[in-house]
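Structure record follows, encoded as structure tokens.
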Amino acid sequence: LGNSPDAIDRIHEAAEALRKEAAGLDPSSELAAQNRLVRARLYLAVAGLRIGQNDLGAARREIEASLALLPEMAVANAMLGFVLERTGKLEEAVEHYSMALECDPGNINALRSRASANLNLHRNREAIKDLERLCDLGLEGEGARIRLAVAYFRLNEFETAHSHYQKALDLNLDPSDEAQVHHHLGLIEDRAGSLDRAIEEYQTALALDPRLVGARLDLASALNRLGRYQEAADLFGQVVEVDPKSSRARRGEAEALASMGRWQEARRLLEEGWRAMPESVELLHALARLLATADDPEVRNGERALDLAQRTLRAGTTPSRLETLAMASAETGLFVEAVRLQRRVIQMVTWSGHLDALPRLEANLARYLAGQTC
């Protein structure tokens, strides 16, 4: 029946015949129980066909009809969880996956699906429980080990995440998954301050999957921080070629160019990017800072920098945006305002615990107090 054009109608006819038959049965009898089970399975069969047609609304109705007959049917709850997850109702999906597992603790599909849904909900601790169980069952090669590492990575438990990523590399991964693992290992090394090792991991990831834009961006950023500006600019430029809407790539390339003293090229890149993406506060901010600090007098423009920096605050106040506004204020001779803003930035950074930036911020404050620009 599954391949015939009228399969759904014929299954419904069978289910309706059984429903009429059930009316004459003792609800507590074994025959009635068998009748309910067969009808529930028929509704699930139709639901499967509806899913194949991508008619998820109709599939949900069929599954709910099945559950109305047998609320504790594990396969029906798992299937409803799948439909809910496909339609973006992740929290409801988790509830039905959990119901399926209560009925059938050995339901691997429900266990795997609940872990995935919880991970998408950023319920990392809940996901970890299911993913560790899948790994204990020897199913780590089906993505569980990598997802387990991702969950620990999100919780900033980098040592544990690193251990699971290394274990994942012992599995028979396809190149794209292996590339993702090396990318994340690079991020862990990056956060630990081991830039050389991070760069090696990023490069390995790109050798396995050159399409991995995230790894290319992170490699460029690491090279930029090491002062390898031309390499960084080239990599950022490669991302811009394939993704002209990447604000991060345009900003990164401009910063690398500026670090090499190529101020006009940097301004042109940011101007072009902002014209293409006027909604990008990231590019607007980068342009404002460039105009406030460029060593090239043909690029430096305090008045315009001040205007752009003020506009960035419409999207929210951050220490970095206030710092740029202070730079632009000093550039236009508003040193009292620059001092006020810089002191506020220092206060915000101190409260946040990001103390590495304090020496630079305090040095700029001293300049403003002395009536000097950056």
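Residue numbering restarts at 1 for every chain of the structure tokens, chains are lettered A, B, ... in their displayed order, and ligands are numbered from 1 as they appear.
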Inset, instruction - Write out as a ChimeraX atom specification the residues lying within 10 Å of A:Arg50, counting only C-alpha atoms and excluding same-chain residues fewer than 4 positions away. - result: /A:8,44-46,54-60,62
Using only C-alpha atoms, what does the table of stretch 233-270 of chain A residues within 9 Å of stretch 278-302 of chain A look like, with each row giving the shortest atom pair and its distance in Å to one decimal, sorted by chain and ascending number, as CSV?
```
residue,atom,partner,partner_atom,distance
A:Ser247,CA,A:Leu283,CA,6.2
A:Arg248,CA,A:Glu282,CA,7.6
A:Arg250,CA,A:Leu283,CA,7.7
A:Arg251,CA,A:Leu283,CA,6.2
A:Ala254,CA,A:Ala286,CA,8.5
A:Glu255,CA,A:Ala286,CA,8.3
A:Ala258,CA,A:Ala294,CA,7.8
A:Gly261,CA,A:Asp295,CA,7.8
A:Arg262,CA,A:Asp296,CA,8.8
A:Trp263,CA,A:Asp296,CA,6.4
A:Gln264,CA,A:Val299,CA,6.4
A:Ala266,CA,A:Leu290,CA,8.2
A:Arg267,CA,A:Leu287,CA,6.9
A:Leu270,CA,A:Leu287,CA,6.0
```
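Here atom CA of A:Tyr229 stands at a distance of 7.0 Å from atom CA of A:Ser259.
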Inset, instruction - Once DSSP has gone over the backbone, tell me which residues of stretch 49-290 of chain A are in helix (DSSP H, G or I), as a ChimeraX atom specification. - result: /A:49-52,56-69,74-86,90-103,108-120,124-136,140-142,144-154,158-169,175-191,195-208,213-225,229-242,247-259,263-276,281-290
Legend entry - Surrounding residues of stretch 362-369 of chain A excluding itself and chain neighbours under 6 positions, 12 Å, only C-alpha atoms, as a VMD selection string: chain A and resid 293 323 to 324 326 to 347 349 to 350 355 to 356
